[in-house]
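Asks: Dropping the structure in here first, questions after.
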Amino acid sequence: MGVWSDTVTLVLIPGSALVGIGFALLQWFLVSRVKVTEDVNGYHENLMENEDQEEGVDQLGVVIKCSEIQNAIAVGATSFLFTEYKYLTIFMGAFGAIIFLFLGSVKGFSTESEPCSYNPENLCKPALANAIFSTVAFLLGALTSVLSGFLGMKIATYANARTTLEARKGVGKAFIVAFRSGAVMGFLLAANGLLVLYVSINLFKIYYGDDWEGLYESITGYGLGGSSMALFGRVGGGIYTKAADVGADLVGKVEKNIPEDDPRNPAVIADNVGDNVGDIAGMGSDLFGSYAESSCAALFVASISSFGISHNFLAMSYPLIISSMGIVVCLITTLFATDLSEIKHVSEIEPSLKRQLLISTVLMTAGIATVSFFALPSEFTLYNFGSDKVVKNWHLFFCVVTGLWAGLVIGYTTEYYTSNAYSPVQDVADSCRTGAATNVIFGLALGYKSVIIPIFAIAIAIYVSFSLAAMYGIAMAALGMLSTIATGLAIDAYGPISDNAGGIAEMAGMSHKIRERTDALDAAGNTTAAIGKGFAIGSAALVSLALFGAFVSRAGITAVDVLTPKVFIGLIVGAMLPYWFSAMTMKSVGSAALKMVEEVRRQFNTIPGLMEGTAKPDYANCVKISTDASLREMIPPGALVMLTPLVAGTLFGVETLAGVLAGSLVSGVQLPFQPLTQAGHGTTPRST
């Protein structure tokens with residue numbers, strides 16, 4: 001047994017989650033002190049203090065315009081998400097029914113207890129119960145994922161205009177509002193995910209009792225639900241934001257030679273809405289899916305190891321305690337950005353955000369050491385493909401820390417390849433002197449080159465963690481990478497919030513000095529958004545491998561022999577799937593962008609006075625085009641990912657399916673880094 005008792009687990013995990021939720025609400029309250037209210041006529045006015053005003057930006061009309069733009073963005077984002085969730089509700093019901101039928105039919109919907117799969121001398125709960133509880137866990141994971149994305153979108157649309165208005169007082173004030181808003185999303189996601197998972201385990205335990213194998217196998221549905229919603233949220237939101245972005249820039253900036261976020265551009269509101277539904281709601285669901293999957297994979301492997309066999313709840317809860325420690329560490333880290341230091345110049349913004357990553361990683365290393373040596377026995381055994389592997393507590397410390405520092409390496413590498421402060425981006429910019437062709441060539445080369453260091457970091461993390469603790473070690477390495485998810489998401493969400501703030505400043509006609517400040521925030525945000533996506537890709541690779549190991553173990557496969565024809569054809573088909581998936585999403589973006597370009601051109605050509613600024617464009621029609629296109633186009637790519645394993649496994653068997661999963665993992669982890677660095681943020685989602 002570890003030094004701590006089970007009582008520590010009962011207090012630490014829910015206590016940390018509640019502290020995280022409380023801290024998020026505190027940050028929301030502090031952001032809300034920048035007041036936006038309604039007057040009797042229904043117009044929005046900003047009533048914030050007026051000290052340190054810039055000339056010309058305090059006119060009532062300009063401030064009212066900021067609030068009107070914020071309201072239009074919020075309405076567009078909320079409308080899109082509610083429509084998307086209607087589609088996803090149907091999917092949740094249908095796929096939940098499929099899970100129930102597949103799991104229940106394995107034993108003919110048996111209601112009789114039966115020998116456990118991994119410990120046949122013990123009796124486990126019937127197949128019908130496992131089917132029911134797995135379906136419930138799937139629905140809980142899906143709902144938590146949806147809630148994470150929605151809450152992130154709400155705070156982002158709540159804070160964008162407030163960030164713009166605070167920029168009147170200086171870049172430091174605006175930075176704090178944007179970062180605190182991002183922290184709200186980060187802490188709500190981390191705390192809600194942990195709390196719902198912990199409560200679900202304890203509620204399921206009432207029925208399962210000592211059958212921990214069945215309990216934690218059913219809990220894996222929680223990770224599946226989270227990742228399923230993330231898939232559709234990321235694809236739908238990505239199609240929306242890229243279609244609006246391309247439409248707004250091609251016609252507005254290239255053809256009409258008007259500034260970015262110019263209010264005369266009909267697609268400008270749709271572009272700002274896209275930042276919220278794609279880079280906020282989509283990314284929130286994405287990282288929640290990885291977090292839930294890694295936690296569930298680690299818990300399941302532990303349940304069939306000595307932790308589960310001996311019913312050591314403290315050691316079983318090790319993944320959850322790591323996440324709890326992460327919330328505390330991220331809380332301390334956030335204070336360095338919002339309370340313990342002050343941004344006084346635009347050049348300090350990006351270094352401050354990078355310090356957040358470093359501080360959280362260093363503090364989390366100490367936290368992991370504490371948890372590993374006090375919560376785990378000094379020596380124990382872990383399940384390793386049919387055999388038991390003897391592991392020491394310091395082995396798991398190195399597994400988690402390796403994943404944690406690999407995440408930092410990936411984040412810093414992504415920042416190096418996407419920031420204009422370093423030579424890679426400067427070289428690409430310099431190549432524009434000789435035309436678009438050389439620019440594209442340099443961009444492609446940069447994208448391919450950016451894959452090298454992150455892949456080596458992931459490879460080292462996999463080798464170290466698997467050597468020390470088998471598949472459980474890999475799952476814990478993934479969780480280590482995501483242990484500082486609250487800080488990572490705060491940094492990531494800061495980007496779209498600052499982007500929106502810059503757009504609002506431009507559309508409201510604020511002074512050039514204010515726009516310079518918001519542009520500086522936005523520039524740092526573009527780089528930090530890429531860092532967040534790098535974390536998502538790296539953690540997805542480790543989580544996918546951990547889940548692959550869980551599948552192989554559960555299917556009773558002792559080895560995946562690539563020389564076997566059924567495995568090899570699965571391997572090459574699986575390697576092709578990410579390209580098929582990416583082709584579908586990119587074609588969807590192209591189709592939606594084409595309609596957007598045509599609509600923006602139509603409005604410029606048919607609305608008298610639009611270019612002169614005497615007439616208003618039809619923003620709503622552009623929002624509708626992006627909404628309809630993204631919701632329609634997200635179904636085929638999602639269906640490809642969800643149905644391929646079912647079809648491959650049913651028609652060709654588990655060996656072919658193992659090949660498909662391995663091939664898609666190896667191929668899929670390479671692809672996302674390339675568009676990520678070629679454009680600063682890519683259209684290719686994380687590893688399928």
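Chain lettering (A, B, ...) mirrors the order of the structure tokens, residue numbering begins at 1 for each chain separately, and ligand numbering begins at 1 in order of display.
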Set the distance at 10 Å and use only C-alpha atoms: which residues neighbour Thr413 of chain A once local chain neighbours fewer than 2 positions away are removed? I'd like the list as a ChimeraX atom specification.
Replies: /A:407-411,415-418,450-454,531,534
Asks: I need the residues from that last selection saved to file as a compact mmCIF listing (two decimals), in the first residue's frame (with N, CA and C atoms), if you can.
Replies:
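Result file follows (part.txt):
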```
# COMPACT_ATOMS: atom_id res chain seq x y z
N GLY A 407 5.46 16.79 -24.01
CA GLY A 407 4.48 17.81 -24.37
C GLY A 407 5.10 19.18 -24.44
N LEU A 408 5.99 19.50 -23.50
CA LEU A 408 6.66 20.80 -23.52
C LEU A 408 7.53 20.93 -24.76
N VAL A 409 8.24 19.86 -25.10
CA VAL A 409 9.09 19.89 -26.30
C VAL A 409 8.24 20.11 -27.55
N ILE A 410 7.11 19.40 -27.63
CA ILE A 410 6.21 19.57 -28.79
C ILE A 410 5.68 20.99 -28.85
N GLY A 411 5.28 21.52 -27.69
CA GLY A 411 4.75 22.88 -27.65
C GLY A 411 5.77 23.91 -28.08
N GLU A 415 5.87 26.20 -31.50
CA GLU A 415 6.00 27.65 -31.41
C GLU A 415 7.18 28.14 -32.26
N TYR A 416 8.26 27.38 -32.29
CA TYR A 416 9.43 27.76 -33.08
C TYR A 416 9.11 27.79 -34.57
N TYR A 417 8.32 26.83 -35.03
CA TYR A 417 8.02 26.73 -36.46
C TYR A 417 6.85 27.63 -36.89
N THR A 418 6.14 28.25 -35.94
CA THR A 418 4.99 29.08 -36.32
C THR A 418 5.12 30.54 -35.90
N SER A 450 8.82 20.26 -39.82
CA SER A 450 8.32 20.46 -38.46
C SER A 450 7.87 19.16 -37.81
N VAL A 451 7.71 18.11 -38.59
CA VAL A 451 7.27 16.82 -38.05
C VAL A 451 8.38 16.14 -37.25
N ILE A 452 9.63 16.42 -37.58
CA ILE A 452 10.76 15.61 -37.10
C ILE A 452 10.87 15.60 -35.58
N ILE A 453 11.02 16.76 -34.97
CA ILE A 453 11.26 16.81 -33.52
C ILE A 453 10.07 16.30 -32.73
N PRO A 454 8.82 16.71 -33.03
CA PRO A 454 7.69 16.14 -32.28
C PRO A 454 7.59 14.62 -32.36
N ILE A 531 0.44 26.07 -30.51
CA ILE A 531 0.99 25.29 -29.41
C ILE A 531 -0.08 24.35 -28.84
N GLY A 534 -0.56 21.47 -31.05
CA GLY A 534 0.56 20.53 -30.93
C GLY A 534 0.36 19.59 -29.76
```
Asks: Give me the residues near Tyr207 of chain A as number ranges by chain, where near means some atom within 12 Å (using only C-alpha atoms) and where sequence neighbours in that chain fewer than 3 positions away do not count.
Replies: A: 124-126, 129-130, 132-133, 200-204, 210-212, 214-215, 218
Asks: Residues at most 7 Å from segment 580-596 of chain A, counting only C-alpha atoms, excluding those fewer than 5 positions away in the same chain, as a list of chain:residue names?
Replies: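 Neighbouring residues, sequence-local ones excluded: A:Ile239, A:Lys242, A:Ala243, A:Ala244, A:Val246, A:Gly247, A:Cys622, A:Ile625, A:Ser626, A:Ala629, A:Glu633, A:Pro637, A:Thr683, A:Thr684.
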Asks: Any idea what's packed within 10 Å of segment 386-390 of chain A, counting only C-alpha atoms, ignoring anything in its chain fewer than 5 positions away? Could you give it as an mmCIF file with all heavy atoms, in the first residue's frame?
Replies:
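Okay, result.cif is ready:
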```cif
data_model
loop_
_atom_site.group_PDB
_atom_site.id
_atom_site.type_symbol
_atom_site.label_atom_id
_atom_site.label_comp_id
_atom_site.auth_asym_id
_atom_site.auth_seq_id
_atom_site.Cartn_x
_atom_site.Cartn_y
_atom_site.Cartn_z
ATOM 1 N N TYR A 118 -10.104 -11.858 -17.410
ATOM 2 C CA TYR A 118 -8.686 -11.853 -17.066
ATOM 3 C C TYR A 118 -8.389 -12.626 -15.782
ATOM 4 O O TYR A 118 -7.255 -13.032 -15.555
ATOM 5 C CB TYR A 118 -8.187 -10.408 -16.932
ATOM 6 C CG TYR A 118 -8.298 -9.641 -18.224
ATOM 7 C CD1 TYR A 118 -9.411 -8.858 -18.506
ATOM 8 C CD2 TYR A 118 -7.295 -9.710 -19.177
ATOM 9 C CE1 TYR A 118 -9.518 -8.164 -19.706
ATOM 10 C CE2 TYR A 118 -7.387 -9.019 -20.379
ATOM 11 C CZ TYR A 118 -8.502 -8.252 -20.627
ATOM 12 O OH TYR A 118 -8.604 -7.575 -21.816
ATOM 13 N N SER A 305 -4.707 -5.501 -13.246
ATOM 14 C CA SER A 305 -3.377 -5.675 -12.678
ATOM 15 C C SER A 305 -3.511 -5.842 -11.169
ATOM 16 O O SER A 305 -4.611 -6.008 -10.640
ATOM 17 C CB SER A 305 -2.492 -4.477 -13.035
ATOM 18 O OG SER A 305 -2.431 -4.298 -14.444
ATOM 19 N N SER A 306 -2.405 -5.786 -10.459
ATOM 20 C CA SER A 306 -2.440 -6.033 -9.012
ATOM 21 C C SER A 306 -3.278 -4.999 -8.270
ATOM 22 O O SER A 306 -3.864 -5.292 -7.231
ATOM 23 C CB SER A 306 -1.016 -6.043 -8.454
ATOM 24 O OG SER A 306 -0.373 -4.790 -8.668
ATOM 25 N N GLU A 379 6.324 -1.485 -4.847
ATOM 26 C CA GLU A 379 6.452 -2.459 -5.924
ATOM 27 C C GLU A 379 5.100 -3.124 -6.178
ATOM 28 O O GLU A 379 4.348 -3.401 -5.244
ATOM 29 C CB GLU A 379 7.502 -3.517 -5.564
ATOM 30 C CG GLU A 379 7.834 -4.462 -6.706
ATOM 31 C CD GLU A 379 8.986 -5.405 -6.366
ATOM 32 O OE1 GLU A 379 10.141 -4.949 -6.383
ATOM 33 O OE2 GLU A 379 8.710 -6.588 -6.064
ATOM 34 N N PHE A 380 4.792 -3.379 -7.459
ATOM 35 C CA PHE A 380 3.504 -3.968 -7.817
ATOM 36 C C PHE A 380 3.636 -4.584 -9.199
ATOM 37 O O PHE A 380 4.695 -4.492 -9.840
ATOM 38 C CB PHE A 380 2.393 -2.915 -7.801
ATOM 39 C CG PHE A 380 2.773 -1.626 -8.475
ATOM 40 C CD1 PHE A 380 2.536 -1.425 -9.823
ATOM 41 C CD2 PHE A 380 3.396 -0.608 -7.746
ATOM 42 C CE1 PHE A 380 2.904 -0.255 -10.453
ATOM 43 C CE2 PHE A 380 3.769 0.580 -8.371
ATOM 44 C CZ PHE A 380 3.524 0.760 -9.727
ATOM 45 N N THR A 381 2.583 -5.233 -9.663
ATOM 46 C CA THR A 381 2.615 -5.842 -10.995
ATOM 47 C C THR A 381 1.550 -5.208 -11.883
ATOM 48 O O THR A 381 0.488 -4.799 -11.405
ATOM 49 C CB THR A 381 2.372 -7.364 -10.929
ATOM 50 O OG1 THR A 381 1.087 -7.615 -10.345
ATOM 51 C CG2 THR A 381 3.450 -8.048 -10.110
ATOM 52 N N LEU A 468 9.193 0.737 -19.098
ATOM 53 C CA LEU A 468 9.081 0.760 -17.642
ATOM 54 C C LEU A 468 7.776 0.166 -17.131
ATOM 55 O O LEU A 468 7.757 -0.498 -16.094
ATOM 56 C CB LEU A 468 9.215 2.197 -17.135
ATOM 57 C CG LEU A 468 10.586 2.863 -17.317
ATOM 58 C CD1 LEU A 468 10.538 4.308 -16.864
ATOM 59 C CD2 LEU A 468 11.668 2.100 -16.552
ATOM 60 N N ALA A 469 6.662 0.399 -17.839
ATOM 61 C CA ALA A 469 5.363 0.001 -17.279
ATOM 62 C C ALA A 469 4.379 -0.475 -18.331
ATOM 63 O O ALA A 469 3.159 -0.379 -18.121
ATOM 64 C CB ALA A 469 4.765 1.170 -16.497
ATOM 65 N N ALA A 470 4.851 -0.997 -19.453
ATOM 66 C CA ALA A 470 3.994 -1.588 -20.484
ATOM 67 C C ALA A 470 2.927 -0.586 -20.946
ATOM 68 O O ALA A 470 3.167 0.617 -20.971
ATOM 69 C CB ALA A 470 3.386 -2.885 -19.992
ATOM 70 N N SER A 553 -5.302 -6.381 -26.035
ATOM 71 C CA SER A 553 -5.421 -7.206 -24.830
ATOM 72 C C SER A 553 -6.821 -7.792 -24.712
ATOM 73 O O SER A 553 -6.996 -8.987 -24.433
ATOM 74 C CB SER A 553 -5.098 -6.365 -23.587
ATOM 75 O OG SER A 553 -3.792 -5.851 -23.663
ATOM 76 N N GLY A 556 -7.617 -10.579 -27.100
ATOM 77 C CA GLY A 556 -6.844 -11.803 -26.930
ATOM 78 C C GLY A 556 -5.763 -11.990 -27.973
ATOM 79 O O GLY A 556 -5.328 -13.114 -28.233
ATOM 80 N N ILE A 557 -5.288 -10.903 -28.571
ATOM 81 C CA ILE A 557 -4.229 -10.982 -29.580
ATOM 82 C C ILE A 557 -2.885 -10.847 -28.870
ATOM 83 O O ILE A 557 -2.626 -9.849 -28.192
ATOM 84 C CB ILE A 557 -4.382 -9.867 -30.631
ATOM 85 C CG1 ILE A 557 -5.737 -9.966 -31.324
ATOM 86 C CG2 ILE A 557 -3.260 -9.928 -31.652
ATOM 87 C CD1 ILE A 557 -6.028 -8.800 -32.255
ATOM 88 N N THR A 558 -2.042 -11.844 -28.992
ATOM 89 C CA THR A 558 -0.739 -11.811 -28.319
ATOM 90 C C THR A 558 0.317 -11.077 -29.136
ATOM 91 O O THR A 558 1.272 -10.531 -28.578
ATOM 92 C CB THR A 558 -0.246 -13.241 -28.033
ATOM 93 O OG1 THR A 558 -0.212 -13.987 -29.261
ATOM 94 C CG2 THR A 558 -1.186 -13.933 -27.047
#
```
Asks: Do a neighbour search on Gln70 of chain A at 8 Å with only C-alpha atoms, toss out local chain neighbours closer than 6 positions, and write the hits as a PyMOL selection string.
Replies: chain A and resi 157-158+160-161+504
Asks: Go ahead and write the selection's residues with all heavy atoms as a CSV table (one decimal), in the first residue's frame.
Replies:
```
chain,number,residue,atom,x,y,z
A,157,THR,N,-17.0,34.3,-26.2
A,157,THR,CA,-17.9,35.4,-26.8
A,157,THR,C,-18.3,36.4,-25.7
A,157,THR,O,-18.6,37.6,-26.1
A,157,THR,CB,-19.2,34.8,-27.4
A,157,THR,OG1,-19.9,34.0,-26.4
A,157,THR,CG2,-18.8,33.9,-28.6
A,158,TYR,N,-18.2,36.1,-24.5
A,158,TYR,CA,-18.4,37.0,-23.4
A,158,TYR,C,-17.2,38.0,-23.2
A,158,TYR,O,-17.4,39.1,-22.8
A,158,TYR,CB,-18.7,36.2,-22.1
A,158,TYR,CG,-19.0,37.0,-20.9
A,158,TYR,CD1,-20.3,37.4,-20.7
A,158,TYR,CD2,-18.1,37.3,-19.9
A,158,TYR,CE1,-20.7,38.1,-19.5
A,158,TYR,CE2,-18.4,38.0,-18.7
A,158,TYR,CZ,-19.7,38.4,-18.6
A,158,TYR,OH,-20.1,39.1,-17.4
A,160,ASN,N,-14.6,38.7,-25.6
A,160,ASN,CA,-13.9,39.4,-26.7
A,160,ASN,C,-14.0,40.9,-26.7
A,160,ASN,O,-13.0,41.6,-26.8
A,160,ASN,CB,-14.4,38.7,-28.0
A,160,ASN,CG,-15.9,38.7,-28.2
A,160,ASN,OD1,-16.6,39.4,-27.4
A,160,ASN,ND2,-16.4,37.9,-29.1
A,161,ALA,N,-15.3,41.4,-26.6
A,161,ALA,CA,-15.4,42.9,-26.6
A,161,ALA,C,-14.8,43.5,-25.3
A,161,ALA,O,-14.3,44.6,-25.3
A,161,ALA,CB,-16.9,43.2,-26.7
A,504,ILE,N,-13.1,43.1,-33.5
A,504,ILE,CA,-14.1,44.1,-32.9
A,504,ILE,C,-13.5,45.5,-33.0
A,504,ILE,O,-14.3,46.4,-33.3
A,504,ILE,CB,-14.5,43.6,-31.5
A,504,ILE,CG1,-15.3,42.3,-31.6
A,504,ILE,CG2,-15.3,44.7,-30.8
A,504,ILE,CD1,-15.6,41.7,-30.2
```
Asks: Please identify all polymer residues within 10 Å of Ser347 of chain A, counting only C-alpha atoms, omitting same-chain residues fewer than 5 positions from it, and present them as number ranges by chain.
Replies: A: 352, 520-521, 524
Asks: List the spatial neighbours of Thr135 of chain A as a VMD selection string - criterion: any atom at most 6 Å away, only C-alpha atoms, same-chain residues fewer than 3 positions off excluded.
Replies: chain A and resid 96 100 132 138
Asks: Ranking A:Leu299, A:Ala406, A:Val254, A:Leu646 by minimum distance to Arg601 of chain A and counting only C-alpha atoms, which one comes first?
Replies: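 With only C-alpha atoms as the atom set, the closest residue is A:Val254.
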Asks: What does the structure give for the distance between atom CA of Arg602 of chain A and atom CA of Thr614 of chain A, in Å to one decimal?
Replies: 17.1 Å
Asks: Restricting the calculation to only C-alpha atoms, which member of A:Ala174, A:Ala457, A:Ala508, A:Ala478 is positioned closest to Ile343 of chain A?
Replies: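 Under the stated criterion, the closest residue is A:Ala174.
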Asks: Please compute the atom CA of Asn122 of chain A-atom CA of Val301 of chain A distance, one decimal, in Å.
Replies: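 Taking atom CA of Asn122 of chain A as the start and atom CA of Val301 of chain A as the end point, the length is 17.1 Å.
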Asks: Which parts of segment 54-246 of chain A does DSSP call helix (DSSP H, G or I) when run on the backbone here, written out as a PyMOL selection string?
Replies: chain A and resi 60-105+127-169+171-208+212-246
Asks: Those same residues - C-alpha atoms - I'd like them written as a short mmCIF file (atom, residue, chain, number, x, y, z; two decimals), in the first residue's frame.
Replies:
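That gives us part22.cif:
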```
data_model
loop_
_atom_site.label_atom_id
_atom_site.label_comp_id
_atom_site.auth_asym_id
_atom_site.auth_seq_id
_atom_site.Cartn_x
_atom_site.Cartn_y
_atom_site.Cartn_z
CA LEU A 60 -20.85 56.34 -27.09
CA GLY A 61 -21.49 55.21 -30.65
CA VAL A 62 -18.17 53.36 -30.86
CA VAL A 63 -18.69 51.60 -27.53
CA ILE A 64 -22.26 50.64 -28.43
CA LYS A 65 -20.94 49.26 -31.71
CA CYS A 66 -18.46 47.05 -29.82
CA SER A 67 -21.32 45.58 -27.82
CA GLU A 68 -23.48 45.06 -30.91
CA ILE A 69 -20.66 43.23 -32.69
CA GLN A 70 -20.04 41.07 -29.61
CA ASN A 71 -23.74 40.22 -29.48
CA ALA A 72 -23.80 39.29 -33.20
CA ILE A 73 -20.81 36.97 -32.74
CA ALA A 74 -22.34 35.36 -29.63
CA VAL A 75 -25.70 34.81 -31.34
CA GLY A 76 -24.03 33.28 -34.40
CA ALA A 77 -21.84 30.93 -32.34
CA THR A 78 -24.68 29.86 -30.05
CA SER A 79 -27.00 29.26 -33.00
CA PHE A 80 -24.39 27.09 -34.73
CA LEU A 81 -23.64 25.01 -31.65
CA PHE A 82 -27.30 24.43 -30.80
CA THR A 83 -27.96 23.30 -34.37
CA GLU A 84 -24.88 21.07 -34.30
CA TYR A 85 -25.94 19.55 -30.98
CA LYS A 86 -29.32 18.62 -32.44
CA TYR A 87 -27.51 16.50 -35.02
CA LEU A 88 -25.20 15.08 -32.35
CA THR A 89 -28.13 14.16 -30.11
CA ILE A 90 -29.40 11.87 -32.87
CA PHE A 91 -25.92 10.43 -33.26
CA MET A 92 -25.53 9.89 -29.51
CA GLY A 93 -28.79 7.96 -29.39
CA ALA A 94 -28.00 5.85 -32.46
CA PHE A 95 -24.42 5.05 -31.52
CA GLY A 96 -25.40 4.41 -27.90
CA ALA A 97 -27.90 1.83 -29.18
CA ILE A 98 -25.16 0.23 -31.31
CA ILE A 99 -22.85 -0.01 -28.27
CA PHE A 100 -25.61 -1.63 -26.24
CA LEU A 101 -26.45 -4.15 -28.97
CA PHE A 102 -22.83 -5.09 -29.71
CA LEU A 103 -21.83 -5.53 -26.06
CA GLY A 104 -25.06 -7.18 -24.96
CA SER A 105 -25.20 -9.63 -27.85
CA ALA A 127 -23.07 -9.05 -20.18
CA LEU A 128 -26.39 -7.18 -20.11
CA ALA A 129 -25.23 -5.09 -17.16
CA ASN A 130 -21.92 -4.26 -18.85
CA ALA A 131 -23.81 -3.21 -21.99
CA ILE A 132 -26.12 -0.93 -20.00
CA PHE A 133 -23.40 0.71 -17.90
CA SER A 134 -21.04 1.13 -20.89
CA THR A 135 -23.84 2.90 -22.78
CA VAL A 136 -24.54 5.16 -19.79
CA ALA A 137 -20.82 5.98 -19.51
CA PHE A 138 -20.75 6.76 -23.26
CA LEU A 139 -23.62 9.21 -22.89
CA LEU A 140 -22.01 10.84 -19.83
CA GLY A 141 -18.73 11.31 -21.74
CA ALA A 142 -20.57 12.75 -24.74
CA LEU A 143 -22.54 15.20 -22.59
CA THR A 144 -19.44 16.31 -20.68
CA SER A 145 -17.61 16.88 -23.97
CA VAL A 146 -20.49 18.95 -25.34
CA LEU A 147 -20.68 20.94 -22.10
CA SER A 148 -16.92 21.62 -22.19
CA GLY A 149 -17.10 23.02 -25.71
CA PHE A 150 -20.24 25.06 -25.06
CA LEU A 151 -18.93 26.68 -21.86
CA GLY A 152 -15.69 27.56 -23.62
CA MET A 153 -17.61 29.24 -26.42
CA LYS A 154 -19.77 31.19 -23.96
CA ILE A 155 -16.83 32.68 -22.05
CA ALA A 156 -14.97 33.45 -25.30
CA THR A 157 -17.89 35.39 -26.77
CA TYR A 158 -18.42 37.01 -23.36
CA ALA A 159 -14.83 38.25 -23.15
CA ASN A 160 -13.93 39.35 -26.70
CA ALA A 161 -15.42 42.87 -26.56
CA ARG A 162 -14.28 43.27 -22.96
CA THR A 163 -10.72 42.58 -24.10
CA THR A 164 -11.11 45.23 -26.82
CA LEU A 165 -12.40 47.83 -24.38
CA GLU A 166 -9.71 47.07 -21.78
CA ALA A 167 -7.09 47.70 -24.48
CA ARG A 168 -7.92 51.40 -24.01
CA LYS A 169 -6.12 51.19 -20.65
CA VAL A 171 -2.00 46.10 -23.49
CA GLY A 172 -1.44 44.61 -20.01
CA LYS A 173 -5.06 45.09 -18.97
CA ALA A 174 -6.35 43.56 -22.19
CA PHE A 175 -3.97 40.61 -21.85
CA ILE A 176 -5.25 39.82 -18.35
CA VAL A 177 -8.89 39.81 -19.49
CA ALA A 178 -8.12 37.52 -22.44
CA PHE A 179 -5.99 35.13 -20.39
CA ARG A 180 -8.44 34.96 -17.49
CA SER A 181 -11.18 34.13 -19.96
CA GLY A 182 -9.08 31.33 -21.40
CA ALA A 183 -8.41 30.08 -17.87
CA VAL A 184 -12.17 29.83 -17.27
CA MET A 185 -12.44 27.36 -20.13
CA GLY A 186 -9.32 25.42 -19.11
CA PHE A 187 -10.30 24.93 -15.48
CA LEU A 188 -13.96 24.18 -16.19
CA LEU A 189 -12.98 21.48 -18.67
CA ALA A 190 -10.33 19.86 -16.46
CA ALA A 191 -12.45 20.01 -13.31
CA ASN A 192 -15.73 18.92 -14.90
CA GLY A 193 -14.06 16.01 -16.69
CA LEU A 194 -12.40 14.80 -13.50
CA LEU A 195 -15.46 15.26 -11.32
CA VAL A 196 -17.90 13.50 -13.65
CA LEU A 197 -15.50 10.58 -14.11
CA TYR A 198 -14.89 10.24 -10.36
CA VAL A 199 -18.60 10.41 -9.51
CA SER A 200 -19.42 7.91 -12.27
CA ILE A 201 -16.91 5.41 -10.91
CA ASN A 202 -18.32 5.64 -7.41
CA LEU A 203 -21.93 5.35 -8.60
CA PHE A 204 -21.13 2.36 -10.82
CA LYS A 205 -19.29 0.76 -7.90
CA ILE A 206 -22.58 0.54 -5.99
CA TYR A 207 -23.73 -2.10 -8.48
CA TYR A 208 -20.42 -3.71 -9.42
CA TRP A 212 -13.55 -4.01 -10.68
CA GLU A 213 -12.75 -5.57 -14.03
CA GLY A 214 -16.34 -5.09 -15.18
CA LEU A 215 -16.57 -1.69 -13.50
CA TYR A 216 -13.60 -0.13 -15.26
CA GLU A 217 -14.32 -1.85 -18.56
CA SER A 218 -17.74 -0.18 -18.58
CA ILE A 219 -16.14 3.15 -17.60
CA THR A 220 -14.18 3.10 -20.89
CA GLY A 221 -17.43 4.20 -22.54
CA TYR A 222 -16.80 7.60 -20.96
CA GLY A 223 -13.68 8.10 -23.09
CA LEU A 224 -15.45 6.87 -26.22
CA GLY A 225 -18.28 9.35 -25.70
CA GLY A 226 -15.87 12.23 -25.22
CA SER A 227 -13.80 11.44 -28.29
CA SER A 228 -16.87 10.84 -30.47
CA MET A 229 -18.25 14.29 -29.74
CA ALA A 230 -14.77 15.76 -30.20
CA LEU A 231 -14.59 14.26 -33.67
CA PHE A 232 -17.78 15.91 -34.89
CA GLY A 233 -17.16 19.14 -32.98
CA ARG A 234 -13.67 19.50 -34.45
CA VAL A 235 -14.72 18.65 -38.00
CA GLY A 236 -17.89 20.77 -37.98
CA GLY A 237 -16.23 23.74 -36.29
CA GLY A 238 -13.14 23.44 -38.51
CA ILE A 239 -15.16 23.48 -41.73
CA TYR A 240 -17.13 26.48 -40.47
CA THR A 241 -14.14 28.60 -39.50
CA LYS A 242 -12.02 27.82 -42.57
CA ALA A 243 -14.87 28.44 -45.01
CA ALA A 244 -15.60 31.82 -43.45
CA ASP A 245 -11.89 32.69 -43.20
CA VAL A 246 -11.16 31.88 -46.85
#
```
Asks: Counting only C-alpha atoms, which residue out of A:Ile258, A:Ala530, A:Leu25, A:Ile332 sits closest to Met611 of chain A?
Replies: A:Ile258
Asks: Quick one, how far is atom CA of Lys344 of chain A from atom CA of Ile497 of chain A?
Replies: 19.7 Å
Asks: Which of segment 107-248 of chain A counts as strand (DSSP E or B) under DSSP, as an mmCIF file with N, CA and C atoms, in the first residue's frame please?
Replies:
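Saved file selection33.cif follows:
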```
data_model
loop_
_atom_site.group_PDB
_atom_site.id
_atom_site.type_symbol
_atom_site.label_atom_id
_atom_site.label_comp_id
_atom_site.auth_asym_id
_atom_site.auth_seq_id
_atom_site.Cartn_x
_atom_site.Cartn_y
_atom_site.Cartn_z
ATOM 1 N N GLU A 114 -20.729 -14.493 -14.755
ATOM 2 C CA GLU A 114 -19.860 -15.401 -15.500
ATOM 3 C C GLU A 114 -18.411 -15.175 -15.100
ATOM 4 N N PRO A 115 -17.509 -16.136 -15.363
ATOM 5 C CA PRO A 115 -16.095 -15.958 -15.008
ATOM 6 C C PRO A 115 -15.502 -14.722 -15.690
ATOM 7 N N LEU A 123 -15.974 -14.254 -10.330
ATOM 8 C CA LEU A 123 -17.197 -14.047 -11.101
ATOM 9 C C LEU A 123 -17.394 -12.564 -11.376
ATOM 10 N N CYS A 124 -17.770 -12.249 -12.620
ATOM 11 C CA CYS A 124 -18.036 -10.869 -13.020
ATOM 12 C C CYS A 124 -19.516 -10.697 -13.346
#
```
